[in-house]
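Input: a single structure, listed below in structure tokens.
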Amino acid sequence: MERSYSRFYLFLGTFCLLMSFELLVSFRTHDVRKDSANLLSHGKETVVVTGPALSRLGRASIKLGYVETHIPPKIGLMGNHQIQYFNTMALDESVPEHLFFNYWYADLALPETRDYLQRLKDLKKLPTELVIVAITTPNNDNGRYIINYGEELPKDIARIYQIKNEKNFLKRIELKFMNYWMIFKFNKDWKAFISGLYDLLSRGSPRYLLMDYGVCQTEKRLWEENSSGFPEGAQDKNMGLKGHLKQIRMSRSEGEKKLIQSFCDRERTLSYRFDGSSNSGEGRGLTINSNALTPSARDIKNGDEVEIARLMNELIDLVEDSKRKLVFLIPPVYETDRPSVVDDIFSASLEMVPEANVIDHRKKFRERQFFSSYDHPNENYFREVAKELRERKFLDGL
């Protein structure tokens, strides 16, 4: 019996020690959101290059810090990674810098998009004339990332719309508790943990760089002459644990050279443009019908069309006024004509939303030329979106 108690206490002590260390690392992680990085520091040539040790949430926080503190654009695009390649040039290469911004953020679904927009509204930072809200195509993730809450937003923004509009005091407390509980949940992405270790152990290596796009042409010798000094695997964005730990030990100058080389050699991966968009890939390795739409893996069910429509109509009420419009964009995925239950449910929800507020491309632009990957339309597609926005008068006067 005593031996059993000893093992239990040993287990409990070890567990508490590991959890304490994990929390220490998590709280020690530098919040890049507070940097309020200026994405227009080099005008339209600005590039934000992020290091592999920075988690996906960290990369998104750079943009969040920017939009919370700088002049809002006239046109804003909200959504998740599916619309990350929509950039200013899709509208017009001659448009001014502050016209358009792509707010894409991780795996945002409608509830979190609503919270994000509520935050911007509270700060008086909403796009001033047009908000485009992209909704994850039902056939993309079998209905996922439409109405589910993904816990991607910071705790001060998560559920802010519900907290603001909830009249029951105890319910508001419950919602706030859920947000703080997120801090203590173990993050399954080990890169987030490595990000914390980076802050604890690094000697000033950059988490990200704001630089001029032309650096690849004007300073090419910088990395060619010093390429032997880069750690093994530094050119691979999926360098693995060993590569990340080596990056921690680099000096700041070595870290900067590594980020520049990674940016230029790997076609600008892990980077943002001045307008928040990502650089489009070339469409290699495209697999049609990549998502199998397995019935047991569906994330929406019959009846959810009411919830989808409710969220969409709430977003219209939250954003629209006498000067500002909102339009929903449902982009395609690279697929054949595939009827599905989740697609039918979503179609039913659109019958309860004003048609004038919807651009539905689920059955259009499904040719290879419009995609970088199965669920990532490229710039060719977004030029078609811009064309329809003009035809439907959403861009009049802009």
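Going by the structure tokens order, chains are called A, B, ..., each with residues numbered from 1, while ligands are numbered from 1 in the order shown.
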
What lies within 9 Å of region 351-368 of chain A using only C-alpha atoms, ignoring chain neighbours under 3 positions off, as a PyMOL selection string? chain A and resi 137-139+283+286+288+305-306+309-310+312-313+316+325-337+347-348+371-373+381+384-385+388-389+392

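A straight line drawn from CA of Gln369 (chain A) to CA of Asn279 (chain A) is 16.2 Å long.
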
For Lys125 (chain A): contacts at 12 Å, only C-alpha atoms, fewer than 5 positions along chain excluded, given as a PyMOL selection string: chain A and resi 64-76+101+116-120+131+319

Can you write just those residues out, N, CA and C atoms, as an mmCIF file, in the first residue's frame?
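Result went into again_28.cif, see below:
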```
data_model
loop_
_atom_site.group_PDB
_atom_site.id
_atom_site.type_symbol
_atom_site.label_atom_id
_atom_site.label_comp_id
_atom_site.auth_asym_id
_atom_site.auth_seq_id
_atom_site.Cartn_x
_atom_site.Cartn_y
_atom_site.Cartn_z
ATOM 1 N N LEU A 64 -2.665 41.019 -36.044
ATOM 2 C CA LEU A 64 -3.661 41.512 -35.093
ATOM 3 C C LEU A 64 -3.164 42.777 -34.409
ATOM 4 N N GLY A 65 -1.895 42.773 -33.995
ATOM 5 C CA GLY A 65 -1.327 43.962 -33.376
ATOM 6 C C GLY A 65 -1.325 45.155 -34.307
ATOM 7 N N TYR A 66 -1.136 44.892 -35.593
ATOM 8 C CA TYR A 66 -1.143 45.970 -36.579
ATOM 9 C C TYR A 66 -2.536 46.569 -36.753
ATOM 10 N N VAL A 67 -3.541 45.737 -36.972
ATOM 11 C CA VAL A 67 -4.880 46.265 -37.277
ATOM 12 C C VAL A 67 -5.516 46.931 -36.064
ATOM 13 N N GLU A 68 -5.066 46.571 -34.862
ATOM 14 C CA GLU A 68 -5.616 47.202 -33.657
ATOM 15 C C GLU A 68 -5.073 48.608 -33.432
ATOM 16 N N THR A 69 -3.987 48.960 -34.099
ATOM 17 C CA THR A 69 -3.310 50.223 -33.793
ATOM 18 C C THR A 69 -3.098 51.130 -34.994
ATOM 19 N N HIS A 70 -3.459 50.700 -36.187
ATOM 20 C CA HIS A 70 -3.215 51.509 -37.373
ATOM 21 C C HIS A 70 -4.525 51.857 -38.084
ATOM 22 N N ILE A 71 -4.430 52.699 -39.077
ATOM 23 C CA ILE A 71 -5.606 53.181 -39.803
ATOM 24 C C ILE A 71 -6.332 52.011 -40.469
ATOM 25 N N PRO A 72 -7.657 51.880 -40.284
ATOM 26 C CA PRO A 72 -8.381 50.773 -40.928
ATOM 27 C C PRO A 72 -8.491 50.997 -42.434
ATOM 28 N N PRO A 73 -8.565 49.915 -43.208
ATOM 29 C CA PRO A 73 -8.709 50.039 -44.663
ATOM 30 C C PRO A 73 -10.156 50.336 -45.043
ATOM 31 N N LYS A 74 -10.359 50.656 -46.292
ATOM 32 C CA LYS A 74 -11.727 50.801 -46.780
ATOM 33 C C LYS A 74 -12.369 49.432 -46.988
ATOM 34 N N ILE A 75 -11.554 48.465 -47.438
ATOM 35 C CA ILE A 75 -12.051 47.110 -47.709
ATOM 36 C C ILE A 75 -11.287 46.126 -46.835
ATOM 37 N N GLY A 76 -12.005 45.263 -46.128
ATOM 38 C CA GLY A 76 -11.370 44.250 -45.307
ATOM 39 C C GLY A 76 -11.910 42.870 -45.621
ATOM 40 N N PHE A 101 -7.187 45.268 -46.881
ATOM 41 C CA PHE A 101 -6.383 44.460 -45.958
ATOM 42 C C PHE A 101 -7.017 43.086 -45.808
ATOM 43 N N TYR A 116 -13.934 38.710 -33.734
ATOM 44 C CA TYR A 116 -12.881 39.555 -34.305
ATOM 45 C C TYR A 116 -13.475 40.894 -34.751
ATOM 46 N N LEU A 117 -14.599 40.829 -35.466
ATOM 47 C CA LEU A 117 -15.242 42.050 -35.943
ATOM 48 C C LEU A 117 -15.782 42.893 -34.791
ATOM 49 N N GLN A 118 -16.271 42.235 -33.742
ATOM 50 C CA GLN A 118 -16.733 42.977 -32.567
ATOM 51 C C GLN A 118 -15.572 43.739 -31.930
ATOM 52 N N ARG A 119 -14.408 43.095 -31.844
ATOM 53 C CA ARG A 119 -13.215 43.748 -31.308
ATOM 54 C C ARG A 119 -12.854 44.976 -32.141
ATOM 55 N N LEU A 120 -12.842 44.832 -33.462
ATOM 56 C CA LEU A 120 -12.510 45.963 -34.327
ATOM 57 C C LEU A 120 -13.548 47.081 -34.201
ATOM 58 N N VAL A 131 -16.847 45.036 -45.886
ATOM 59 C CA VAL A 131 -16.292 43.883 -45.174
ATOM 60 C C VAL A 131 -16.691 42.630 -45.945
ATOM 61 N N VAL A 319 -22.094 44.655 -38.613
ATOM 62 C CA VAL A 319 -21.180 45.415 -39.471
ATOM 63 C C VAL A 319 -21.867 46.510 -40.270
#
```

Who sits within 10 Å of region 81-83 of chain A, only C-alpha atoms, same chain under 3 positions skipped, as a count of residues only: 32

For Ala297 (chain A): contacts at 12 Å, only C-alpha atoms, fewer than 5 positions along chain excluded, given as a PyMOL selection string: chain A and resi 139+141-144+291-292+341-342

If we count only C-alpha atoms and set the cut-off at 8 Å, which residues sit around Ser271 (chain A), ignoring sequence neighbours fewer than 6 positions away in its own chain? Please answer as a CSV table (one decimal) with C-alpha atoms, in the first residue's frame.
```
chain,number,residue,atom,x,y,z
A,47,VAL,CA,7.4,41.9,-46.2
A,48,VAL,CA,6.9,40.4,-42.8
A,49,VAL,CA,9.1,37.3,-42.6
A,50,THR,CA,8.4,35.0,-39.7
A,263,PHE,CA,12.4,33.9,-47.6
A,278,SER,CA,0.4,35.5,-48.2
A,279,ASN,CA,2.4,34.9,-51.3
```
